[in-house]
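A short worksheet on the structure shown next.
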Amino acid sequence: MIPFDKCPICGGELEEREVEKLLRGGDHTAVLKVQAEICLHCGERLYAIETVKLFENIRNRLKREQFSGFLPLGRLFMVDASNLDTASATDH
Ligand SMILES: [Zn+2]
C-alpha cells in the first residue's frame, strides 16, 4: 500500500494506474509494468514499498547479469542528437 492519501509534493489527488518503469543496473536496462499512484496535479509517481524493493532487486540482477525470467525486448539505443547524421535518413 501507498502510505499517502494525497500527493506529498503538492497535495494533489492521486489515481492508481499501471505505468512502465525503466530500471538500470550496470549497462543493462529493464522495463517493468507496475501499479503506481500518479498525482493528477504534478504527475509525481508514488510506488508502494514492495514495488520499490522490487526495483532494487531488479537493478541488482541487472548489475550481476542474472537475467533468468527476463524477456529480451528488442535492442536498446543511446542517441546523441549532436552526433546524429540526419542527412543519411532522408530519402534521396
Ligand atoms: Zn503532486
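Letters A, B, ... mark the chains of the C-alpha cells in the order given; residue numbers begin at 1 per chain; ligand numbers begin at 1, in order shown.
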
**Request:** Using only C-alpha atoms and all ligand atoms, determine which residues fall within 9 Å of ligand 1, then list them as a PyMOL selection string.
**Result:** chain A and resi 6-14+38-45

Residues flagged alpha helix (DSSP H) by DSSP in chain A, as a tab-separated table (two decimals) with N, CA and C atoms, in the first residue's frame:
chain	number	residue	atom	x	y	z
A	49	ILE	N	6.06	0.35	-1.09
A	49	ILE	CA	7.38	-0.07	-0.59
A	49	ILE	C	7.80	-1.39	-1.24
A	50	GLU	N	6.84	-2.31	-1.40
A	50	GLU	CA	7.17	-3.60	-2.02
A	50	GLU	C	7.64	-3.38	-3.46
A	51	THR	N	7.03	-2.41	-4.14
A	51	THR	CA	7.41	-2.11	-5.52
A	51	THR	C	8.82	-1.53	-5.58
A	52	VAL	N	9.14	-0.64	-4.64
A	52	VAL	CA	10.48	-0.05	-4.58
A	52	VAL	C	11.52	-1.14	-4.31
A	53	LYS	N	11.16	-2.10	-3.45
A	53	LYS	CA	12.07	-3.23	-3.16
A	53	LYS	C	12.28	-4.07	-4.41
A	54	LEU	N	11.20	-4.25	-5.17
A	54	LEU	CA	11.28	-5.00	-6.42
A	54	LEU	C	12.22	-4.30	-7.41
A	55	PHE	N	12.12	-2.97	-7.49
A	55	PHE	CA	13.01	-2.19	-8.36
A	55	PHE	C	14.46	-2.47	-7.98
A	56	GLU	N	14.74	-2.44	-6.68
A	56	GLU	CA	16.10	-2.63	-6.17
A	56	GLU	C	16.61	-4.03	-6.54
A	57	ASN	N	15.71	-5.01	-6.36
A	57	ASN	CA	16.04	-6.40	-6.70
A	57	ASN	C	16.39	-6.52	-8.19
A	58	ILE	N	15.59	-5.90	-9.04
A	58	ILE	CA	15.82	-5.99	-10.48
A	58	ILE	C	17.09	-5.25	-10.87
A	59	ARG	N	17.34	-4.08	-10.27
A	59	ARG	CA	18.60	-3.35	-10.55
A	59	ARG	C	19.81	-4.20	-10.19
A	60	ASN	N	19.74	-4.87	-9.05
A	60	ASN	CA	20.85	-5.72	-8.63
A	60	ASN	C	21.05	-6.89	-9.59
A	61	ARG	N	19.94	-7.46	-10.05
A	61	ARG	CA	20.04	-8.57	-11.01
A	61	ARG	C	20.63	-8.09	-12.33
A	62	LEU	N	20.28	-6.88	-12.75
A	62	LEU	CA	20.86	-6.32	-13.98
A	62	LEU	C	22.36	-6.14	-13.82
A	63	LYS	N	22.77	-5.61	-12.67
A	63	LYS	CA	24.19	-5.39	-12.40
A	63	LYS	C	24.97	-6.69	-12.44

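Among the candidates A:Leu23, A:Pro72, A:Asp5, A:Glu16, the residue lying nearest to Glu37 of chain A is A:Glu16 (atoms considered: only C-alpha atoms).
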
**Gap from atom CA of Val34 of chain A to atom CA of Ser68 of chain A - Å, one decimal** = 19.2 Å

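The residue that comes closest to Tyr47 of chain A, out of A:Gly69, A:Gly74, A:Pro3, A:Gly26 and on the basis of only C-alpha atoms, is A:Pro3.
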
**Prompt:** Hey, what does DSSP flag as strand (DSSP E or B) within chain A? Can you give it to me as an MDAnalysis selection string?
**Reply:** chainID A and resid 6 13:25 28:39 45:46

**Request:** Would you mind listing what lies within 9 Å of Val31 of chain A as a VMD selection string, with only C-alpha atoms counted and same-chain residues fewer than 3 positions away left out?
**Result:** chain A and resid 20 to 24 73

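For Glu18 of chain A, the set of protein, DNA and RNA residues having any atom at most 7 Å away, when counting only C-alpha atoms and skipping those fewer than 3 positions along the same chain, is Lys33, Val34, Gln35 and Ala36 of chain A.
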
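The gap separating atom CA of Ala48 of chain A from atom CA of Leu32 of chain A is 14.4 Å, in Å to one decimal.
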
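Each of A:Leu46, A:Val19, A:Ala30, A:Leu84 was compared to Phe67 of chain A using only C-alpha atoms, and A:Ala30 turns out to be the nearest.
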
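Atom CA of Arg17 of chain A is positioned 22.9 Å from atom CA of Leu71 of chain A.
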